[in-house]
Structure formats: C-alpha cells, structure tokens
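Novice: Contents of data_31.cif (mmCIF, C-alpha atoms) are given next:
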```
data_protein
loop_
_atom_site.label_atom_id
_atom_site.label_comp_id
_atom_site.auth_asym_id
_atom_site.auth_seq_id
_atom_site.Cartn_x
_atom_site.Cartn_y
_atom_site.Cartn_z
CA MET A 133 31.45 132.87 20.77
CA SER A 134 28.73 134.72 22.60
CA ALA A 135 26.17 132.73 20.63
CA GLU A 136 26.71 129.78 23.02
CA TYR A 137 24.69 131.61 25.62
CA ASP A 138 21.15 132.77 25.23
CA ILE A 139 21.72 136.32 26.44
CA ALA A 140 18.76 137.92 28.17
CA GLU A 141 20.37 141.27 28.89
CA THR A 142 23.63 143.14 28.21
CA LEU A 143 25.22 145.44 30.77
CA ASP A 144 27.72 147.95 29.44
CA VAL A 145 30.20 149.06 32.09
CA LYS A 146 32.96 150.05 29.69
CA GLY A 147 35.08 152.78 31.22
CA ALA A 148 33.96 152.06 34.79
CA SER A 149 36.57 150.87 37.26
CA CYS A 150 36.55 148.95 40.54
CA PRO A 151 34.15 148.43 42.29
CA MET A 152 31.53 149.50 39.75
CA PRO A 153 31.65 146.53 37.31
CA VAL A 154 30.83 144.13 40.17
CA VAL A 155 28.34 146.45 41.86
CA LYS A 156 26.44 147.10 38.62
CA THR A 157 26.55 143.41 37.66
CA LYS A 158 24.86 142.59 40.95
CA GLY A 159 22.20 145.23 40.26
CA ALA A 160 21.56 143.91 36.75
CA ILE A 161 21.38 140.26 37.89
CA ASP A 162 18.74 141.19 40.45
CA GLU A 163 16.49 142.30 37.57
CA LEU A 164 16.74 138.97 35.73
CA ALA A 165 14.64 135.83 36.08
CA GLU A 166 16.07 132.46 37.13
CA GLU A 167 18.22 130.75 34.45
CA GLN A 168 18.63 133.95 32.40
CA VAL A 169 22.16 134.94 31.35
CA LEU A 170 23.59 138.44 31.69
CA GLU A 171 26.35 139.64 29.39
CA VAL A 172 28.71 142.20 30.94
CA LEU A 173 31.00 144.33 28.76
CA ALA A 174 33.89 145.91 30.65
CA THR A 175 37.20 147.57 29.93
CA ASP A 176 38.58 147.19 33.47
CA PRO A 177 41.23 144.41 33.32
CA GLY A 178 40.52 143.73 37.02
CA SER A 179 36.99 142.69 36.10
CA MET A 180 38.28 139.29 34.94
CA SER A 181 39.32 138.34 38.46
CA ASP A 182 36.70 140.43 40.29
CA ILE A 183 33.60 139.12 38.53
CA ASP A 184 34.93 135.56 38.85
CA GLY A 185 35.50 136.10 42.60
CA TRP A 186 32.13 137.75 43.07
CA ALA A 187 30.30 134.96 41.23
CA SER A 188 31.97 132.18 43.22
CA GLY A 189 31.30 133.94 46.53
CA THR A 190 27.70 134.90 45.85
CA ALA A 191 24.66 132.66 46.18
CA GLY A 192 22.32 132.42 43.23
CA VAL A 193 24.76 133.27 40.44
CA GLU A 194 27.10 131.24 38.24
CA LEU A 195 29.84 132.50 35.94
CA VAL A 196 29.32 130.56 32.71
CA GLY A 197 32.08 132.18 30.68
CA GLN A 198 34.58 134.98 30.22
CA GLU A 199 36.21 136.24 27.02
CA GLU A 200 39.10 138.59 26.58
CA GLY A 201 38.55 140.45 23.31
CA ASP A 202 40.26 143.51 21.87
CA ASP A 203 40.04 146.13 24.62
CA VAL A 204 36.87 144.61 26.01
CA TYR A 205 36.32 141.90 28.60
CA LYS A 206 33.10 139.94 28.28
CA HIS A 207 31.52 138.10 31.18
CA TYR A 208 28.52 135.78 31.12
CA VAL A 209 26.68 135.28 34.38
CA ARG A 210 23.66 133.03 34.88
CA LYS A 211 21.15 133.64 37.60
CA THR A 212 20.60 130.24 39.24
CA GLU A 213 17.95 131.02 41.87
CA MET B 1406 21.88 100.63 84.13
CA SER B 1407 18.12 101.04 84.24
CA THR B 1408 16.98 103.79 86.60
CA ASP B 1409 13.81 102.09 87.86
CA THR B 1410 15.37 99.15 89.70
CA SER B 1411 16.17 99.52 93.35
CA SER B 1412 19.72 98.68 94.18
CA PRO B 1413 21.97 98.89 97.23
CA ASP B 1414 22.57 102.29 98.87
CA GLY B 1415 24.64 104.79 96.87
CA ALA B 1416 23.62 103.58 93.46
CA ASP B 1417 20.07 104.80 94.21
CA ALA B 1418 21.24 108.34 94.91
CA ALA B 1419 23.14 108.47 91.62
CA ALA B 1420 20.14 107.12 89.72
CA ASP B 1421 17.88 109.86 91.17
CA ASP B 1422 20.19 112.57 89.75
CA ALA B 1423 20.28 111.11 86.24
CA PRO B 1424 17.92 112.84 83.75
CA SER B 1425 15.05 110.72 82.46
CA ARG B 1426 14.83 109.63 78.87
CA ALA B 1427 12.00 112.15 78.29
CA GLU B 1428 14.11 114.97 79.74
CA LEU B 1429 17.01 114.04 77.47
CA ALA B 1430 14.74 113.90 74.44
CA ALA B 1431 13.36 117.36 75.29
CA ARG B 1432 16.90 118.69 75.67
CA VAL B 1433 17.89 117.28 72.26
CA ASP B 1434 14.83 118.91 70.66
CA GLU B 1435 15.76 122.21 72.29
CA LEU B 1436 19.37 122.02 71.03
CA GLU B 1437 18.26 121.07 67.53
CA ALA B 1438 15.91 124.06 67.44
CA SER B 1439 18.61 126.50 68.55
CA LEU B 1440 21.08 124.99 66.07
CA ALA B 1441 18.57 125.48 63.24
CA GLU B 1442 18.06 129.07 64.34
CA ALA B 1443 21.79 129.76 64.52
CA THR B 1444 22.38 128.21 61.10
CA ALA B 1445 19.57 130.25 59.55
CA GLU B 1446 20.99 133.48 61.00
CA ASP B 1447 24.41 132.67 59.62
CA ASP B 1448 23.11 132.50 56.06
CA ALA B 1449 24.19 136.05 55.20
CA LYS B 1450 27.79 136.92 56.03
CA LYS B 1451 28.37 140.13 57.94
CA MET B 1452 31.04 142.80 57.63
CA SER B 1453 31.68 145.58 60.09
CA ILE B 1454 33.96 148.50 59.18
CA ILE B 1455 35.07 151.34 61.43
CA ALA B 1456 35.90 154.40 59.26
CA THR B 1457 38.03 156.97 61.09
CA LYS B 1458 39.68 158.92 58.26
CA GLY B 1459 38.21 161.73 56.16
CA SER B 1460 40.89 162.52 53.60
CA LEU B 1461 40.03 162.01 49.93
CA ASP B 1462 42.26 158.95 49.54
CA MET B 1463 41.14 157.31 52.78
CA ALA B 1464 37.43 157.74 52.03
CA TYR B 1465 37.67 155.15 49.27
CA PRO B 1466 38.66 151.87 50.98
CA PRO B 1467 35.62 151.64 53.31
CA LEU B 1468 33.20 152.65 50.54
CA ILE B 1469 34.65 150.28 47.94
CA LEU B 1470 34.65 147.35 50.36
CA ALA B 1471 31.16 148.18 51.65
CA SER B 1472 29.57 148.37 48.18
CA THR B 1473 31.39 145.24 47.00
CA ALA B 1474 30.39 143.26 50.09
CA ALA B 1475 26.79 144.37 49.56
CA ALA B 1476 27.07 142.99 46.00
CA PHE B 1477 28.10 139.64 47.56
CA GLY B 1478 24.92 139.79 49.63
CA TYR B 1479 26.66 140.51 52.95
CA ASP B 1480 25.02 142.55 55.69
CA VAL B 1481 27.34 145.56 55.96
CA THR B 1482 27.66 148.17 58.69
CA VAL B 1483 30.11 151.06 58.47
CA PHE B 1484 30.58 153.00 61.71
CA HIS B 1485 32.02 156.47 61.05
CA THR B 1486 33.86 158.32 63.76
CA PHE B 1487 36.14 161.38 64.02
CA TRP B 1488 37.17 162.50 60.50
CA GLY B 1489 35.39 159.50 59.02
CA LEU B 1490 32.17 161.47 59.68
CA ASP B 1491 33.07 163.79 56.79
CA ILE B 1492 32.39 160.95 54.31
CA LEU B 1493 28.75 160.95 55.49
CA HIS B 1494 28.50 164.75 55.75
CA GLU B 1495 26.51 166.02 52.75
CA GLU B 1496 28.52 169.21 52.30
CA ARG B 1497 31.96 168.12 53.45
CA SER B 1498 31.93 164.85 51.47
CA LYS B 1499 31.97 166.89 48.25
CA SER B 1500 35.21 168.64 49.12
CA LEU B 1501 37.37 166.07 50.86
CA LYS B 1502 41.04 167.07 50.82
CA MET B 1503 44.28 165.21 50.47
CA SER B 1504 47.34 166.01 52.51
CA SER B 1505 50.59 166.83 50.74
CA VAL B 1506 52.67 165.98 53.80
CA GLY B 1507 53.21 162.78 55.73
CA ASN B 1508 53.26 160.59 52.64
CA PRO B 1509 56.79 159.92 51.40
CA ASN B 1510 55.42 158.58 48.08
CA MET B 1511 54.20 162.06 47.11
CA PRO B 1512 56.05 163.58 44.15
CA VAL B 1513 57.10 166.56 46.28
CA PRO B 1514 59.32 166.54 49.40
CA ASN B 1515 57.50 167.09 52.71
CA VAL B 1516 59.21 170.45 53.16
CA VAL B 1517 57.66 171.67 49.89
CA GLY B 1518 54.37 169.95 50.64
CA ALA B 1519 54.11 171.97 53.85
CA LEU B 1520 54.03 175.27 51.93
CA PRO B 1521 50.73 177.18 51.96
CA GLY B 1522 48.28 176.02 49.29
CA MET B 1523 50.02 172.70 48.64
CA ASP B 1524 47.15 170.59 49.99
CA ARG B 1525 44.93 172.25 47.39
CA VAL B 1526 47.39 171.33 44.64
CA THR B 1527 47.60 167.70 45.80
CA THR B 1528 43.82 167.47 46.11
CA ARG B 1529 43.29 168.87 42.60
CA MET B 1530 45.84 166.38 41.26
CA MET B 1531 44.01 163.45 42.85
CA GLU B 1532 40.59 164.74 41.75
CA LYS B 1533 41.85 164.94 38.18
CA ARG B 1534 43.17 161.39 38.31
CA ILE B 1535 39.86 160.14 39.68
CA GLU B 1536 38.06 161.90 36.85
CA ASP B 1537 40.46 160.74 34.11
CA ASN B 1538 40.23 157.12 35.26
CA ASP B 1539 36.43 157.11 35.51
CA THR B 1540 36.79 156.15 39.15
CA ALA B 1541 33.48 156.58 40.98
CA SER B 1542 33.19 159.67 43.17
CA VAL B 1543 32.86 159.41 46.96
CA GLN B 1544 29.28 160.63 46.66
CA GLU B 1545 28.42 158.06 43.97
CA LEU B 1546 29.90 155.21 46.02
CA LEU B 1547 28.06 156.33 49.14
CA GLU B 1548 24.71 156.66 47.40
CA THR B 1549 25.17 153.32 45.61
CA SER B 1550 26.01 151.65 48.92
CA LEU B 1551 22.97 153.19 50.63
CA ASP B 1552 20.77 151.91 47.78
CA MET B 1553 22.25 148.44 48.24
CA GLY B 1554 21.27 148.43 51.90
CA VAL B 1555 24.60 149.21 53.57
CA GLU B 1556 24.03 150.61 57.06
CA PHE B 1557 26.07 153.79 57.59
CA GLN B 1558 26.33 154.94 61.19
CA ALA B 1559 27.56 158.32 62.44
CA CYS B 1560 29.08 158.17 65.93
CA GLN B 1561 27.06 160.45 68.22
CA MET B 1562 29.95 161.45 70.49
CA THR B 1563 32.09 162.66 67.58
CA ILE B 1564 29.13 164.41 65.85
CA GLU B 1565 29.04 166.61 68.94
CA LEU B 1566 32.81 166.83 69.29
CA MET B 1567 33.20 168.04 65.69
CA GLY B 1568 30.30 170.48 66.08
CA TYR B 1569 28.14 168.80 63.41
CA ASP B 1570 24.36 168.53 63.35
CA GLU B 1571 22.44 165.30 62.81
CA ASP B 1572 20.76 166.91 59.78
CA ASP B 1573 24.15 167.47 58.10
CA PHE B 1574 24.34 163.83 57.01
CA TYR B 1575 22.94 162.05 53.95
CA ASP B 1576 19.41 160.67 54.18
CA GLY B 1577 19.54 157.10 55.40
CA VAL B 1578 22.54 157.61 57.70
CA THR B 1579 21.93 156.35 61.24
CA THR B 1580 22.80 158.73 64.08
CA GLY B 1581 22.50 158.32 67.83
CA VAL B 1582 24.89 155.37 68.05
CA GLY B 1583 28.07 154.77 70.00
CA ALA B 1584 30.90 152.35 70.68
CA ALA B 1585 28.63 149.69 72.19
CA THR B 1586 26.63 149.54 68.94
CA ALA B 1587 29.86 149.20 66.96
CA LEU B 1588 31.12 146.43 69.26
CA GLN B 1589 27.85 144.55 68.95
CA ASP B 1590 28.18 144.67 65.16
CA MET B 1591 31.81 143.60 65.29
CA VAL B 1592 31.22 140.59 67.53
CA GLU B 1593 28.53 139.31 65.16
CA ALA B 1594 30.54 140.03 61.99
CA ASP B 1595 32.60 137.60 59.92
CA ILE B 1596 34.89 140.47 58.83
CA GLN B 1597 35.90 143.42 61.02
CA LEU B 1598 38.05 146.24 59.68
CA LEU B 1599 39.38 149.51 61.05
CA VAL B 1600 40.16 152.06 58.35
#
```
Show me the file's structure as structure tokens.
Specialist:
Amino acid sequence: MSAEYDIAETLDVKGASCPMPVVKTKGAIDELAEEQVLEVLATDPGSMSDIDGWASGTAGVELVGQEEGDDVYKHYVRKTE
Amino acid sequence: MSTDTSSPDGADAAADDAPSRAELAARVDELEASLAEATAEDDAKKMSIIATKGSLDMAYPPLILASTAAAFGYDVTVFHTFWGLDILHEERSKSLKMSSVGNPNMPVPNVVGALPGMDRVTTRMMEKRIEDNDTASVQELLETSLDMGVEFQACQMTIELMGYDEDDFYDGVTTGVGAATALQDMVEADIQLLV
C-alpha cells in the first residue's frame, strides 16, 4: 500500500502518546522540501484523528493517506508549500 | 447632485460639507491599506492560556495544548501565575505533586487521602502511569514547546509573592510581566483559556 506514495522520510513515533505524534510530525515536515511525503508510524490510536485534524487545520500540509495495520497506524503527509 | 453648481440657499451649505471625489478616493485607499494590514496580521491564529495550577495533573493541559497549537502554526502565549509558576520553575517542575484529597474519583476516600504521606503515594502512582504509558514528562513538553516558539510568561507579582527568583525559571521564560500583558494577549487571541 505504502508504495503509492514516494516516501521521502519516515518518522517513527511508536510508543509516544498525545501530543507527541502531532508535535514530532510537525517537526519532521519542517525538514522536508515542497511536495515530499512523510510517513509517520504510530501506535497511539488517537493519532488517526489527531494527525487528520492537524493536517486539515495547518497551512502547507496535506494528509494523503492513513492506514490502520496490525498495532501500527501509518500516516502519509505531503508538504504542499 | 454635482457640487460645483450654485443653487438656491441651503443646498449650497450642504454641498460645501460634502467630501470631494478626491477626498473619498483617498479615504478608500486608506481603508484598503488598513484592511490589507489587518488581514496580513490575522494570518497566524493566536492562542492565549492562563495557567494557574501547579499540581502534576494540572500541569499537562496547558502544555499539551500549547505544543499542539504551535504545531498548527499558532502564535501561543502561556501566562503562568500563582502555582502555575511551578511548571516554569526549573527545580520545582521536576517534582510536581498530586493531591490525594479533593478528587472524588481517587481510589481512596478523602479521609484516607488526608493521612500523612498520602500525597506522596498518589504522586508516585501518577508518575508510574505516566512512565508506563510513555506520556511525555512536564519537562519534555515544556522544552519542546519552547523550541517551537511558545512564549511562556511568569507573572511578576506572583514571582515575588511566592518568594521565587527570576533566575529560578527555564531559559527562554519571560519575566517582568503582569495582568495588562496577559489581557493584551487575550484580546488579540482567537482562543483564550484559563487553566
């Protein structure tokens, strides 16, 4: 599934809980160039809603996909500007 | 309706008061400029939090909201007063306590919670849960928020009231501020919270 995105960087926040998945995603996105996609691996079930909410409320980022795997939640965020 | 024709008495007086076309055009330019300025300033949303509590459980809400809002790109100010100062206090922030009384959801009755040493038990219990759940520590949240540009302010009046020193606080904490500074932040903010 993850092959649909050309992943520039992977951020592993497994084990971390609110607010760290969002806070660290923001930090990692800042390091990317425009149009690059960040993959975020989390175990916090709240990250599904939180990263979605963060991406829709934040300028310059777009959530391109989310996957719920076994024990791990994957998020794909594109930097748009 | 032209202003340059002479007409019977009365109408002339009214015409003299009316602004000229050039004056109106200038006024429109002025308004457009201030609108552009106001719109530009509104680009980043602002959040203002007043943090008044210093117990271990109550230190979390302002720090979690502040760091998350900073991740959204908001300008965030947290004004700490009374026991909220302990969150910014380098020494005291590492040993914030939790009360075992006054919270009916605690697993022990208030009468037991009031026994000597019970606050230490409750605090240890909460610290263990924080550790087991990989929840960020107060210190980690504070330092992350400072790195993200959150403005932490320590109320000058309560610094003196509590007998603290300005050097007791983390680097990057603003001191020498009072209620008027907090109000100014609140009036400009999109979100205002008292914790």
Novice: With distances taken over all atoms listed in the file, which residue among A:Ala187, A:Val172, A:Leu164, A:Ile139 lies nearest chain B?
Specialist: A:Ala187
Novice: Using only C-alpha atoms, which of A:Tyr205, A:Gln198, A:Glu136, A:Glu141 sits nearest A:Leu170?
Specialist: A:Glu141
Novice: What does the PyMOL selection byres ((chain A) within 10 of (chain B)) select in this file, as a PyMOL selection string?
Specialist: chain A and resi 146-159+182+185-191
Novice: Go ahead and save the picked residues with C-alpha atoms, as an mmCIF file, in the frame of the given file.
Specialist:
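Contents of the output file part_6.cif:
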```
data_model
loop_
_atom_site.group_PDB
_atom_site.id
_atom_site.type_symbol
_atom_site.label_atom_id
_atom_site.label_comp_id
_atom_site.auth_asym_id
_atom_site.auth_seq_id
_atom_site.Cartn_x
_atom_site.Cartn_y
_atom_site.Cartn_z
ATOM 1 C CA LYS A 146 32.960 150.050 29.690
ATOM 2 C CA GLY A 147 35.080 152.780 31.220
ATOM 3 C CA ALA A 148 33.960 152.060 34.790
ATOM 4 C CA SER A 149 36.570 150.870 37.260
ATOM 5 C CA CYS A 150 36.550 148.950 40.540
ATOM 6 C CA PRO A 151 34.150 148.430 42.290
ATOM 7 C CA MET A 152 31.530 149.500 39.750
ATOM 8 C CA PRO A 153 31.650 146.530 37.310
ATOM 9 C CA VAL A 154 30.830 144.130 40.170
ATOM 10 C CA VAL A 155 28.340 146.450 41.860
ATOM 11 C CA LYS A 156 26.440 147.100 38.620
ATOM 12 C CA THR A 157 26.550 143.410 37.660
ATOM 13 C CA LYS A 158 24.860 142.590 40.950
ATOM 14 C CA GLY A 159 22.200 145.230 40.260
ATOM 15 C CA ASP A 182 36.700 140.430 40.290
ATOM 16 C CA GLY A 185 35.500 136.100 42.600
ATOM 17 C CA TRP A 186 32.130 137.750 43.070
ATOM 18 C CA ALA A 187 30.300 134.960 41.230
ATOM 19 C CA SER A 188 31.970 132.180 43.220
ATOM 20 C CA GLY A 189 31.300 133.940 46.530
ATOM 21 C CA THR A 190 27.700 134.900 45.850
ATOM 22 C CA ALA A 191 24.660 132.660 46.180
#
```
Novice: Name the residues that the PyMOL selection byres ((chain A and resi 202) around 12) pulls out of this structure, and write them as an MDAnalysis selection string.
Specialist: chainID A and resid 173:175 177 199:201 203:206
Novice: Which protein, DNA or RNA residues have an atom at most 7 Å from (25.1, 128.3, 32.8), counting all atoms listed in the file? List them as a list in words.
Specialist: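 All residues meeting the 7 Å criterion around (25.1, 128.3, 32.8) are Glu194, Val196 and Arg210 of chain A.
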Novice: Taking C-alpha atoms for each residue, export the selection above as a PDB file, in the coordinates of the input.
Specialist:
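Resulting contents of out-v1.pdb:
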```
ATOM      1  CA  GLU A 194      27.100 131.240  38.240  1.00  0.00           C
ATOM      2  CA  VAL A 196      29.320 130.560  32.710  1.00  0.00           C
ATOM      3  CA  ARG A 210      23.660 133.030  34.880  1.00  0.00           C
TER       4      ARG A 210
END
```
